[in-house]
file data11.cif (mmCIF, N, CA and C atoms)
data_start
loop_
_atom_site.label_atom_id
_atom_site.label_comp_id
_atom_site.auth_asym_id
_atom_site.auth_seq_id
_atom_site.Cartn_x
_atom_site.Cartn_y
_atom_site.Cartn_z
N MET L 12 3.97 -14.94 61.23
CA MET L 12 5.22 -14.99 60.55
C MET L 12 5.36 -16.26 59.71
N ARG L 13 4.74 -17.30 60.12
CA ARG L 13 4.86 -18.53 59.35
C ARG L 13 3.76 -18.68 58.31
N SER L 14 2.98 -17.66 58.13
CA SER L 14 1.88 -17.76 57.16
C SER L 14 2.40 -17.96 55.73
N TRP L 15 3.58 -17.53 55.45
CA TRP L 15 4.13 -17.71 54.10
C TRP L 15 4.32 -19.19 53.78
N GLN L 16 4.48 -20.03 54.77
CA GLN L 16 4.66 -21.46 54.52
C GLN L 16 3.35 -22.11 54.06
N ASP L 17 2.21 -21.54 54.46
CA ASP L 17 0.93 -22.13 54.11
C ASP L 17 0.47 -21.72 52.70
N ARG L 18 1.03 -20.67 52.15
CA ARG L 18 0.63 -20.22 50.82
C ARG L 18 1.33 -21.05 49.74
N PRO L 19 0.61 -21.26 48.60
CA PRO L 19 1.28 -21.99 47.51
C PRO L 19 2.40 -21.13 46.90
N ALA L 20 3.29 -21.81 46.24
CA ALA L 20 4.41 -21.11 45.60
C ALA L 20 3.91 -20.26 44.44
N LYS L 21 4.58 -19.19 44.21
CA LYS L 21 4.23 -18.30 43.10
C LYS L 21 4.48 -19.04 41.79
N PRO L 22 3.49 -19.01 40.87
CA PRO L 22 3.72 -19.71 39.60
C PRO L 22 4.86 -19.06 38.83
N ALA L 23 5.53 -19.88 38.06
CA ALA L 23 6.65 -19.37 37.24
C ALA L 23 6.14 -18.43 36.18
N ALA L 24 6.92 -17.44 35.88
CA ALA L 24 6.53 -16.46 34.85
C ALA L 24 6.49 -17.16 33.49
N PRO L 25 5.46 -16.87 32.69
CA PRO L 25 5.41 -17.51 31.37
C PRO L 25 6.58 -17.04 30.52
N PRO L 26 7.06 -17.92 29.65
CA PRO L 26 8.20 -17.51 28.81
C PRO L 26 7.76 -16.38 27.87
N SER L 27 8.68 -15.51 27.62
CA SER L 27 8.36 -14.39 26.73
C SER L 27 8.19 -14.93 25.31
N PRO L 28 7.30 -14.32 24.53
CA PRO L 28 7.09 -14.81 23.16
C PRO L 28 8.36 -14.63 22.34
N PRO L 29 8.57 -15.52 21.37
CA PRO L 29 9.79 -15.39 20.55
C PRO L 29 9.76 -14.09 19.75
N LYS L 30 10.92 -13.55 19.52
CA LYS L 30 11.03 -12.32 18.74
C LYS L 30 10.76 -12.65 17.27
N PRO L 31 10.03 -11.79 16.59
CA PRO L 31 9.81 -12.04 15.16
C PRO L 31 11.12 -11.92 14.40
N PRO L 32 11.23 -12.64 13.28
CA PRO L 32 12.48 -12.54 12.52
C PRO L 32 12.68 -11.12 12.00
N ARG L 33 13.92 -10.73 11.91
CA ARG L 33 14.23 -9.39 11.41
C ARG L 33 13.95 -9.34 9.91
N PRO L 34 13.40 -8.26 9.43
CA PRO L 34 13.19 -8.15 7.98
C PRO L 34 14.54 -8.09 7.28
N PRO L 35 14.60 -8.57 6.04
CA PRO L 35 15.88 -8.53 5.34
C PRO L 35 16.36 -7.09 5.18
N ARG L 36 17.65 -6.96 5.21
CA ARG L 36 18.25 -5.64 5.09
C ARG L 36 18.00 -5.08 3.69
N ASN L 37 17.57 -3.87 3.63
CA ASN L 37 17.27 -3.23 2.36
C ASN L 37 18.57 -2.65 1.79
N ASP L 38 18.97 -3.15 0.64
CA ASP L 38 20.19 -2.61 0.05
C ASP L 38 19.84 -1.69 -1.11
N ARG L 39 20.82 -1.13 -1.71
CA ARG L 39 20.56 -0.12 -2.73
C ARG L 39 20.11 -0.74 -4.06
N ASN L 40 20.11 -2.05 -4.18
CA ASN L 40 19.67 -2.68 -5.42
C ASN L 40 18.20 -3.06 -5.42
N THR L 41 17.45 -2.65 -4.41
CA THR L 41 16.03 -2.95 -4.37
C THR L 41 15.24 -1.67 -4.59
N GLY L 42 13.94 -1.77 -4.46
CA GLY L 42 13.11 -0.59 -4.67
C GLY L 42 12.56 -0.60 -6.07
N ARG L 43 12.72 0.49 -6.77
CA ARG L 43 12.13 0.56 -8.10
C ARG L 43 12.82 -0.36 -9.10
N PHE L 44 14.00 -0.88 -8.74
CA PHE L 44 14.70 -1.80 -9.62
C PHE L 44 14.47 -3.26 -9.23
N ALA L 45 13.61 -3.51 -8.25
CA ALA L 45 13.34 -4.88 -7.82
C ALA L 45 12.68 -5.63 -8.97
N LEU L 46 13.17 -6.84 -9.25
CA LEU L 46 12.62 -7.62 -10.35
C LEU L 46 11.16 -7.98 -10.10
N GLU L 47 10.76 -8.14 -8.82
CA GLU L 47 9.39 -8.48 -8.50
C GLU L 47 8.43 -7.34 -8.85
N ALA L 48 8.95 -6.12 -8.95
CA ALA L 48 8.11 -4.95 -9.20
C ALA L 48 8.01 -4.62 -10.69
N THR L 49 8.60 -5.42 -11.55
CA THR L 49 8.59 -5.14 -12.98
C THR L 49 7.46 -5.91 -13.65
N ALA L 50 6.59 -5.20 -14.33
CA ALA L 50 5.48 -5.83 -15.04
C ALA L 50 5.96 -6.42 -16.36
N PRO L 51 5.29 -7.47 -16.86
CA PRO L 51 5.68 -8.03 -18.16
C PRO L 51 5.58 -6.98 -19.27
N ASP L 52 6.36 -7.18 -20.31
CA ASP L 52 6.40 -6.29 -21.48
C ASP L 52 6.81 -4.86 -21.13
N THR L 53 7.61 -4.69 -20.08
CA THR L 53 8.06 -3.36 -19.67
C THR L 53 9.54 -3.15 -19.96
N GLN L 54 10.35 -4.17 -19.64
CA GLN L 54 11.80 -4.00 -19.73
C GLN L 54 12.44 -5.28 -20.21
N LEU L 55 13.38 -5.16 -21.12
CA LEU L 55 14.16 -6.30 -21.60
C LEU L 55 15.55 -6.25 -21.01
N SER L 56 16.11 -7.41 -20.78
CA SER L 56 17.47 -7.51 -20.27
C SER L 56 18.23 -8.48 -21.15
N GLY L 57 19.50 -8.23 -21.35
CA GLY L 57 20.30 -9.11 -22.19
C GLY L 57 21.63 -9.43 -21.55
N ASP L 58 22.20 -10.54 -21.96
CA ASP L 58 23.48 -10.97 -21.43
C ASP L 58 24.21 -11.77 -22.49
N THR L 59 25.53 -11.75 -22.42
CA THR L 59 26.36 -12.49 -23.36
C THR L 59 27.19 -13.51 -22.59
N THR L 60 27.26 -14.72 -23.12
CA THR L 60 28.03 -15.79 -22.50
C THR L 60 28.99 -16.35 -23.53
N ASP L 61 30.23 -16.60 -23.11
CA ASP L 61 31.22 -17.21 -23.99
C ASP L 61 31.04 -18.73 -23.97
N LEU L 62 31.03 -19.34 -25.15
CA LEU L 62 30.94 -20.79 -25.30
C LEU L 62 32.10 -21.27 -26.15
N CYS L 63 32.42 -22.53 -26.01
CA CYS L 63 33.43 -23.15 -26.87
C CYS L 63 32.85 -24.49 -27.33
N VAL L 64 32.61 -24.62 -28.65
CA VAL L 64 32.05 -25.84 -29.22
C VAL L 64 33.02 -26.36 -30.26
N LEU L 65 33.53 -27.56 -30.04
CA LEU L 65 34.50 -28.20 -30.95
C LEU L 65 35.70 -27.30 -31.20
N GLY L 66 36.12 -26.59 -30.17
CA GLY L 66 37.29 -25.74 -30.26
C GLY L 66 37.03 -24.37 -30.86
N VAL L 67 35.79 -24.07 -31.20
CA VAL L 67 35.45 -22.78 -31.80
C VAL L 67 34.82 -21.90 -30.72
N GLY L 68 35.37 -20.72 -30.52
CA GLY L 68 34.81 -19.78 -29.55
C GLY L 68 33.56 -19.11 -30.09
N LEU L 69 32.49 -19.16 -29.33
CA LEU L 69 31.22 -18.58 -29.75
C LEU L 69 30.69 -17.65 -28.67
N LYS L 70 29.82 -16.75 -29.08
CA LYS L 70 29.13 -15.84 -28.16
C LYS L 70 27.65 -16.16 -28.20
N LEU L 71 27.06 -16.40 -27.04
CA LEU L 71 25.62 -16.61 -26.92
C LEU L 71 25.02 -15.34 -26.34
N VAL L 72 24.13 -14.70 -27.09
CA VAL L 72 23.46 -13.49 -26.64
C VAL L 72 22.01 -13.87 -26.36
N GLY L 73 21.56 -13.65 -25.13
CA GLY L 73 20.19 -13.97 -24.75
C GLY L 73 19.46 -12.72 -24.29
N VAL L 74 18.17 -12.62 -24.65
CA VAL L 74 17.33 -11.49 -24.26
C VAL L 74 16.15 -12.04 -23.47
N GLN L 75 15.81 -11.36 -22.38
CA GLN L 75 14.77 -11.82 -21.48
C GLN L 75 13.86 -10.66 -21.08
N ASP L 76 12.54 -10.93 -21.07
CA ASP L 76 11.58 -9.97 -20.53
C ASP L 76 11.60 -10.15 -19.02
N ILE L 77 12.10 -9.17 -18.30
CA ILE L 77 12.32 -9.31 -16.86
C ILE L 77 11.02 -9.60 -16.11
N GLY L 78 9.93 -8.97 -16.49
CA GLY L 78 8.67 -9.18 -15.79
C GLY L 78 8.02 -10.51 -16.07
N ASP L 79 8.43 -11.20 -17.13
CA ASP L 79 7.81 -12.47 -17.51
C ASP L 79 8.81 -13.62 -17.44
N ARG L 80 9.87 -13.45 -16.68
CA ARG L 80 10.95 -14.44 -16.67
C ARG L 80 10.55 -15.76 -16.03
N GLU L 81 9.50 -15.77 -15.18
CA GLU L 81 9.07 -17.02 -14.56
C GLU L 81 8.39 -17.93 -15.58
N ARG L 82 7.77 -17.36 -16.59
CA ARG L 82 7.04 -18.16 -17.58
C ARG L 82 7.89 -18.48 -18.80
N CYS L 83 8.71 -17.53 -19.22
CA CYS L 83 9.50 -17.70 -20.44
C CYS L 83 10.93 -17.24 -20.15
N LEU L 84 11.88 -18.18 -20.15
CA LEU L 84 13.25 -17.84 -19.78
C LEU L 84 13.89 -16.88 -20.78
N PHE L 85 13.85 -17.22 -22.06
CA PHE L 85 14.44 -16.36 -23.09
C PHE L 85 13.36 -15.91 -24.06
N ASP L 86 13.37 -14.65 -24.43
CA ASP L 86 12.50 -14.17 -25.50
C ASP L 86 13.19 -14.36 -26.84
N ALA L 87 14.49 -14.21 -26.85
CA ALA L 87 15.26 -14.39 -28.08
C ALA L 87 16.70 -14.69 -27.71
N PHE L 88 17.39 -15.36 -28.62
CA PHE L 88 18.83 -15.58 -28.42
C PHE L 88 19.49 -15.71 -29.79
N ALA L 89 20.78 -15.49 -29.82
CA ALA L 89 21.56 -15.61 -31.04
C ALA L 89 22.95 -16.12 -30.69
N ILE L 90 23.55 -16.84 -31.62
CA ILE L 90 24.91 -17.37 -31.43
C ILE L 90 25.74 -16.92 -32.62
N ASP L 91 26.91 -16.37 -32.33
CA ASP L 91 27.81 -15.91 -33.38
C ASP L 91 29.24 -16.04 -32.87
N GLN L 92 30.19 -15.90 -33.79
CA GLN L 92 31.59 -16.00 -33.38
C GLN L 92 32.09 -14.73 -32.73
N ARG L 93 31.47 -13.60 -33.03
CA ARG L 93 31.88 -12.32 -32.44
C ARG L 93 30.67 -11.65 -31.81
N GLU L 94 30.92 -10.96 -30.74
CA GLU L 94 29.88 -10.14 -30.13
C GLU L 94 29.97 -8.76 -30.74
N SER L 95 28.86 -8.25 -31.21
CA SER L 95 28.87 -6.92 -31.80
C SER L 95 27.56 -6.21 -31.44
N GLN L 96 27.57 -4.94 -31.63
CA GLN L 96 26.39 -4.14 -31.38
C GLN L 96 25.24 -4.56 -32.28
N ASP L 97 25.55 -4.88 -33.53
CA ASP L 97 24.52 -5.30 -34.48
C ASP L 97 23.89 -6.63 -34.05
N LEU L 98 24.69 -7.55 -33.55
CA LEU L 98 24.16 -8.84 -33.08
C LEU L 98 23.19 -8.63 -31.92
N ILE L 99 23.56 -7.79 -31.00
CA ILE L 99 22.70 -7.52 -29.84
C ILE L 99 21.43 -6.82 -30.29
N ARG L 100 21.54 -5.87 -31.18
CA ARG L 100 20.37 -5.13 -31.66
C ARG L 100 19.43 -6.06 -32.42
N ARG L 101 19.97 -6.95 -33.24
CA ARG L 101 19.11 -7.89 -33.99
C ARG L 101 18.42 -8.87 -33.04
N THR L 102 19.10 -9.24 -31.98
CA THR L 102 18.51 -10.19 -31.03
C THR L 102 17.37 -9.57 -30.24
N ALA L 103 17.55 -8.33 -29.82
CA ALA L 103 16.51 -7.68 -29.03
C ALA L 103 15.36 -7.33 -29.91
#
call {"tool": "encode", "arguments": {"input": "data11.cif", "output": "structure tokens"}}
result
Amino acid sequence: MRSWQDRPAKPAAPPSPPKPPRPPRNDRNTGRFALEATAPDTQLSGDTTDLCVLGVGLKLVGVQDIGDRERCLFDAFAIDQRESQDLIRRTA
């Protein structure tokens, strides 16, 4: 009955390995529209920003090749007092 006193103690259980981080949640804006999946010279994107210089309101229209944006920020840009379809078309 006292033989249990002569035995060494049971070693402690090793800690469980840490859980791997959860993958980021996939939302509806990823997939075929992911910017990382766009090859250079495939798709252009444009945006207009309002500026005010010396009290004059201006529109900055910038065009960017989405697949090559890491190397070249803007492919083209234009500044005018009004935003119009013709300005955007000339810029692209």
call {"tool": "residues_around", "arguments": {"input": "data11.cif", "residues": "Ile77 of chain L", "least_positions_apart": "2", "cutoff": "6.5 Å", "atoms": "all atoms listed in the file", "output": "PDB file with N, CA and C atoms, in the frame of the given file"}}
result
ATOM      1  N   LEU L  46      13.170  -6.840  -9.250  1.00  0.00           N
ATOM      2  CA  LEU L  46      12.620  -7.620 -10.350  1.00  0.00           C
ATOM      3  C   LEU L  46      11.160  -7.980 -10.100  1.00  0.00           C
ATOM      4  N   THR L  49       8.600  -5.420 -11.550  1.00  0.00           N
ATOM      5  CA  THR L  49       8.590  -5.140 -12.980  1.00  0.00           C
ATOM      6  C   THR L  49       7.460  -5.910 -13.650  1.00  0.00           C
ATOM      7  N   ALA L  50       6.590  -5.200 -14.330  1.00  0.00           N
ATOM      8  CA  ALA L  50       5.480  -5.830 -15.040  1.00  0.00           C
ATOM      9  C   ALA L  50       5.960  -6.420 -16.360  1.00  0.00           C
ATOM     10  N   PRO L  51       5.290  -7.470 -16.860  1.00  0.00           N
ATOM     11  CA  PRO L  51       5.680  -8.030 -18.160  1.00  0.00           C
ATOM     12  C   PRO L  51       5.580  -6.980 -19.270  1.00  0.00           C
ATOM     13  N   ASP L  52       6.360  -7.180 -20.310  1.00  0.00           N
ATOM     14  CA  ASP L  52       6.400  -6.290 -21.480  1.00  0.00           C
ATOM     15  C   ASP L  52       6.810  -4.860 -21.130  1.00  0.00           C
ATOM     16  N   GLN L  54      10.350  -4.170 -19.640  1.00  0.00           N
ATOM     17  CA  GLN L  54      11.800  -4.000 -19.730  1.00  0.00           C
ATOM     18  C   GLN L  54      12.440  -5.280 -20.210  1.00  0.00           C
ATOM     19  N   LEU L  55      13.380  -5.160 -21.120  1.00  0.00           N
ATOM     20  CA  LEU L  55      14.160  -6.300 -21.600  1.00  0.00           C
ATOM     21  C   LEU L  55      15.550  -6.250 -21.010  1.00  0.00           C
ATOM     22  N   SER L  56      16.110  -7.410 -20.780  1.00  0.00           N
ATOM     23  CA  SER L  56      17.470  -7.510 -20.270  1.00  0.00           C
ATOM     24  C   SER L  56      18.230  -8.480 -21.150  1.00  0.00           C
ATOM     25  N   GLN L  75      15.810 -11.360 -22.380  1.00  0.00           N
ATOM     26  CA  GLN L  75      14.770 -11.820 -21.480  1.00  0.00           C
ATOM     27  C   GLN L  75      13.860 -10.660 -21.080  1.00  0.00           C
ATOM     28  N   ASP L  79       8.430 -11.200 -17.130  1.00  0.00           N
ATOM     29  CA  ASP L  79       7.810 -12.470 -17.510  1.00  0.00           C
ATOM     30  C   ASP L  79       8.810 -13.620 -17.440  1.00  0.00           C
ATOM     31  N   ARG L  80       9.870 -13.450 -16.680  1.00  0.00           N
ATOM     32  CA  ARG L  80      10.950 -14.440 -16.670  1.00  0.00           C
ATOM     33  C   ARG L  80      10.550 -15.760 -16.030  1.00  0.00           C
ATOM     34  N   GLU L  81       9.500 -15.770 -15.180  1.00  0.00           N
ATOM     35  CA  GLU L  81       9.070 -17.020 -14.560  1.00  0.00           C
ATOM     36  C   GLU L  81       8.390 -17.930 -15.580  1.00  0.00           C
TER      37      GLU L  81
END
call {"tool": "select_by_dssp", "arguments": {"input": "data11.cif", "residues": "chain L", "states": "alpha helix (DSSP H)", "output": "PyMOL selection string"}}
result
chain L and resi 14-17+96-102
call {"tool": "resolve_selection", "arguments": {"input": "data11.cif", "expression": "the PyMOL selection byres ((chain L and resi 102) around 6.5)", "output": "PyMOL selection string"}}
result
chain L and resi 74+87-89+97-101+103
call {"tool": "closest_residue", "arguments": {"input": "data11.cif", "among": "L:Thr53, L:Arg93, L:Thr59, L:Gly66", "to": "Gly78 of chain L", "atoms": "all atoms listed in the file"}}
result
L:Thr53
call {"tool": "select_by_dssp", "arguments": {"input": "data11.cif", "residues": "chain L", "states": "strand (DSSP E or B)", "output": "PDB file with N, CA and C atoms, keeping the file's coordinate frame"}}
result
ATOM      1  N   LEU L  55      13.380  -5.160 -21.120  1.00  0.00           N
ATOM      2  CA  LEU L  55      14.160  -6.300 -21.600  1.00  0.00           C
ATOM      3  C   LEU L  55      15.550  -6.250 -21.010  1.00  0.00           C
ATOM      4  N   SER L  56      16.110  -7.410 -20.780  1.00  0.00           N
ATOM      5  CA  SER L  56      17.470  -7.510 -20.270  1.00  0.00           C
ATOM      6  C   SER L  56      18.230  -8.480 -21.150  1.00  0.00           C
ATOM      7  N   GLY L  57      19.500  -8.230 -21.350  1.00  0.00           N
ATOM      8  CA  GLY L  57      20.300  -9.110 -22.190  1.00  0.00           C
ATOM      9  C   GLY L  57      21.630  -9.430 -21.550  1.00  0.00           C
ATOM     10  N   ASP L  58      22.200 -10.540 -21.960  1.00  0.00           N
ATOM     11  CA  ASP L  58      23.480 -10.970 -21.430  1.00  0.00           C
ATOM     12  C   ASP L  58      24.210 -11.770 -22.490  1.00  0.00           C
ATOM     13  N   THR L  59      25.530 -11.750 -22.420  1.00  0.00           N
ATOM     14  CA  THR L  59      26.360 -12.490 -23.360  1.00  0.00           C
ATOM     15  C   THR L  59      27.190 -13.510 -22.590  1.00  0.00           C
ATOM     16  N   THR L  60      27.260 -14.720 -23.120  1.00  0.00           N
ATOM     17  CA  THR L  60      28.030 -15.790 -22.500  1.00  0.00           C
ATOM     18  C   THR L  60      28.990 -16.350 -23.530  1.00  0.00           C
ATOM     19  N   ASP L  61      30.230 -16.600 -23.110  1.00  0.00           N
ATOM     20  CA  ASP L  61      31.220 -17.210 -23.990  1.00  0.00           C
ATOM     21  C   ASP L  61      31.040 -18.730 -23.970  1.00  0.00           C
ATOM     22  N   LEU L  62      31.030 -19.340 -25.150  1.00  0.00           N
ATOM     23  CA  LEU L  62      30.940 -20.790 -25.300  1.00  0.00           C
ATOM     24  C   LEU L  62      32.100 -21.270 -26.150  1.00  0.00           C
ATOM     25  N   CYS L  63      32.420 -22.530 -26.010  1.00  0.00           N
ATOM     26  CA  CYS L  63      33.430 -23.150 -26.870  1.00  0.00           C
ATOM     27  C   CYS L  63      32.850 -24.490 -27.330  1.00  0.00           C
ATOM     28  N   VAL L  64      32.610 -24.620 -28.650  1.00  0.00           N
ATOM     29  CA  VAL L  64      32.050 -25.840 -29.220  1.00  0.00           C
ATOM     30  C   VAL L  64      33.020 -26.360 -30.260  1.00  0.00           C
ATOM     31  N   VAL L  67      35.790 -24.070 -31.200  1.00  0.00           N
ATOM     32  CA  VAL L  67      35.450 -22.780 -31.800  1.00  0.00           C
ATOM     33  C   VAL L  67      34.820 -21.900 -30.720  1.00  0.00           C
ATOM     34  N   GLY L  68      35.370 -20.720 -30.520  1.00  0.00           N
ATOM     35  CA  GLY L  68      34.810 -19.780 -29.550  1.00  0.00           C
ATOM     36  C   GLY L  68      33.560 -19.110 -30.090  1.00  0.00           C
ATOM     37  N   LEU L  69      32.490 -19.160 -29.330  1.00  0.00           N
ATOM     38  CA  LEU L  69      31.220 -18.580 -29.750  1.00  0.00           C
ATOM     39  C   LEU L  69      30.690 -17.650 -28.670  1.00  0.00           C
ATOM     40  N   LYS L  70      29.820 -16.750 -29.080  1.00  0.00           N
ATOM     41  CA  LYS L  70      29.130 -15.840 -28.160  1.00  0.00           C
ATOM     42  C   LYS L  70      27.650 -16.160 -28.200  1.00  0.00           C
ATOM     43  N   LEU L  71      27.060 -16.400 -27.040  1.00  0.00           N
ATOM     44  CA  LEU L  71      25.620 -16.610 -26.920  1.00  0.00           C
ATOM     45  C   LEU L  71      25.020 -15.340 -26.340  1.00  0.00           C
ATOM     46  N   VAL L  72      24.130 -14.700 -27.090  1.00  0.00           N
ATOM     47  CA  VAL L  72      23.460 -13.490 -26.640  1.00  0.00           C
ATOM     48  C   VAL L  72      22.010 -13.870 -26.360  1.00  0.00           C
ATOM     49  N   GLY L  73      21.560 -13.650 -25.130  1.00  0.00           N
ATOM     50  CA  GLY L  73      20.190 -13.970 -24.750  1.00  0.00           C
ATOM     51  C   GLY L  73      19.460 -12.720 -24.290  1.00  0.00           C
ATOM     52  N   VAL L  74      18.170 -12.620 -24.650  1.00  0.00           N
ATOM     53  CA  VAL L  74      17.330 -11.490 -24.260  1.00  0.00           C
ATOM     54  C   VAL L  74      16.150 -12.040 -23.470  1.00  0.00           C
ATOM     55  N   GLN L  75      15.810 -11.360 -22.380  1.00  0.00           N
ATOM     56  CA  GLN L  75      14.770 -11.820 -21.480  1.00  0.00           C
ATOM     57  C   GLN L  75      13.860 -10.660 -21.080  1.00  0.00           C
ATOM     58  N   ASP L  76      12.540 -10.930 -21.070  1.00  0.00           N
ATOM     59  CA  ASP L  76      11.580  -9.970 -20.530  1.00  0.00           C
ATOM     60  C   ASP L  76      11.600 -10.150 -19.020  1.00  0.00           C
ATOM     61  N   ALA L  87      14.490 -14.210 -26.850  1.00  0.00           N
ATOM     62  CA  ALA L  87      15.260 -14.390 -28.080  1.00  0.00           C
ATOM     63  C   ALA L  87      16.700 -14.690 -27.710  1.00  0.00           C
ATOM     64  N   PHE L  88      17.390 -15.360 -28.620  1.00  0.00           N
ATOM     65  CA  PHE L  88      18.830 -15.580 -28.420  1.00  0.00           C
ATOM     66  C   PHE L  88      19.490 -15.710 -29.790  1.00  0.00           C
ATOM     67  N   ALA L  89      20.780 -15.490 -29.820  1.00  0.00           N
ATOM     68  CA  ALA L  89      21.560 -15.610 -31.040  1.00  0.00           C
ATOM     69  C   ALA L  89      22.950 -16.120 -30.690  1.00  0.00           C
ATOM     70  N   ILE L  90      23.550 -16.840 -31.620  1.00  0.00           N
ATOM     71  CA  ILE L  90      24.910 -17.370 -31.430  1.00  0.00           C
ATOM     72  C   ILE L  90      25.740 -16.920 -32.620  1.00  0.00           C
ATOM     73  N   ASP L  91      26.910 -16.370 -32.330  1.00  0.00           N
ATOM     74  CA  ASP L  91      27.810 -15.910 -33.380  1.00  0.00           C
ATOM     75  C   ASP L  91      29.240 -16.040 -32.870  1.00  0.00           C
TER      76      ASP L  91
END
call {"tool": "residues_around", "arguments": {"input": "data11.cif", "residues": "Gln92 of chain L", "least_positions_apart": "6", "cutoff": "6.5 Å", "atoms": "all atoms listed in the file", "output": "list in words"}}
result
Gly68, Leu69 and Lys70 of chain L
call {"tool": "atom_distance", "arguments": {"input": "data11.cif", "atom1": "atom CA of Glu94 of chain L", "atom2": "atom CA of Asp58 of chain L"}}
result
10.8 Å
call {"tool": "atom_distance", "arguments": {"input": "data11.cif", "atom1": "atom N of Asp61 of chain L", "atom2": "atom N of Gln96 of chain L"}}
result
14.7 Å
call {"tool": "decode", "arguments": {"input": "data11.cif", "residues": "segment 54-91 of chain L", "atoms": "C-alpha atoms", "output": "PDB file, in the first residue's frame"}}
result
ATOM      1  CA  GLN L  54      -7.109  47.862 -65.328  1.00  0.00           C
ATOM      2  CA  LEU L  55      -7.012  51.609 -64.746  1.00  0.00           C
ATOM      3  CA  SER L  56      -8.577  53.350 -61.790  1.00  0.00           C
ATOM      4  CA  GLY L  57      -9.309  57.036 -61.391  1.00  0.00           C
ATOM      5  CA  ASP L  58     -10.277  59.395 -58.623  1.00  0.00           C
ATOM      6  CA  THR L  59     -11.096  63.078 -58.250  1.00  0.00           C
ATOM      7  CA  THR L  60      -9.989  65.243 -55.333  1.00  0.00           C
ATOM      8  CA  ASP L  61     -11.128  68.777 -54.532  1.00  0.00           C
ATOM      9  CA  LEU L  62      -8.311  71.295 -53.981  1.00  0.00           C
ATOM     10  CA  CYS L  63      -8.284  74.957 -53.074  1.00  0.00           C
ATOM     11  CA  VAL L  64      -5.256  77.014 -54.197  1.00  0.00           C
ATOM     12  CA  LEU L  65      -5.194  80.756 -53.440  1.00  0.00           C
ATOM     13  CA  GLY L  66      -8.942  80.670 -52.938  1.00  0.00           C
ATOM     14  CA  VAL L  67      -9.646  79.005 -56.289  1.00  0.00           C
ATOM     15  CA  GLY L  68     -11.468  75.668 -56.208  1.00  0.00           C
ATOM     16  CA  LEU L  69      -9.781  73.066 -58.391  1.00  0.00           C
ATOM     17  CA  LYS L  70     -10.355  69.425 -59.287  1.00  0.00           C
ATOM     18  CA  LEU L  71      -7.423  67.004 -59.374  1.00  0.00           C
ATOM     19  CA  VAL L  72      -8.133  63.931 -61.517  1.00  0.00           C
ATOM     20  CA  GLY L  73      -5.621  61.099 -61.131  1.00  0.00           C
ATOM     21  CA  VAL L  74      -5.396  57.827 -63.082  1.00  0.00           C
ATOM     22  CA  GLN L  75      -3.544  54.777 -61.782  1.00  0.00           C
ATOM     23  CA  ASP L  76      -2.673  51.357 -63.213  1.00  0.00           C
ATOM     24  CA  ILE L  77      -3.902  49.167 -60.351  1.00  0.00           C
ATOM     25  CA  GLY L  78      -1.507  46.301 -61.054  1.00  0.00           C
ATOM     26  CA  ASP L  79       1.542  48.585 -61.186  1.00  0.00           C
ATOM     27  CA  ARG L  80       0.682  50.932 -58.327  1.00  0.00           C
ATOM     28  CA  GLU L  81       3.687  49.877 -56.208  1.00  0.00           C
ATOM     29  CA  ARG L  82       6.117  51.152 -58.851  1.00  0.00           C
ATOM     30  CA  CYS L  83       4.253  54.128 -60.312  1.00  0.00           C
ATOM     31  CA  LEU L  84       1.678  55.983 -58.215  1.00  0.00           C
ATOM     32  CA  PHE L  85       0.006  57.960 -61.025  1.00  0.00           C
ATOM     33  CA  ASP L  86      -0.020  57.168 -64.735  1.00  0.00           C
ATOM     34  CA  ALA L  87      -1.637  60.499 -65.531  1.00  0.00           C
ATOM     35  CA  PHE L  88      -3.280  63.421 -63.786  1.00  0.00           C
ATOM     36  CA  ALA L  89      -5.006  66.662 -64.718  1.00  0.00           C
ATOM     37  CA  ILE L  90      -6.086  69.777 -62.831  1.00  0.00           C
ATOM     38  CA  ASP L  91      -9.032  71.921 -63.878  1.00  0.00           C
TER      39      ASP L  91
END
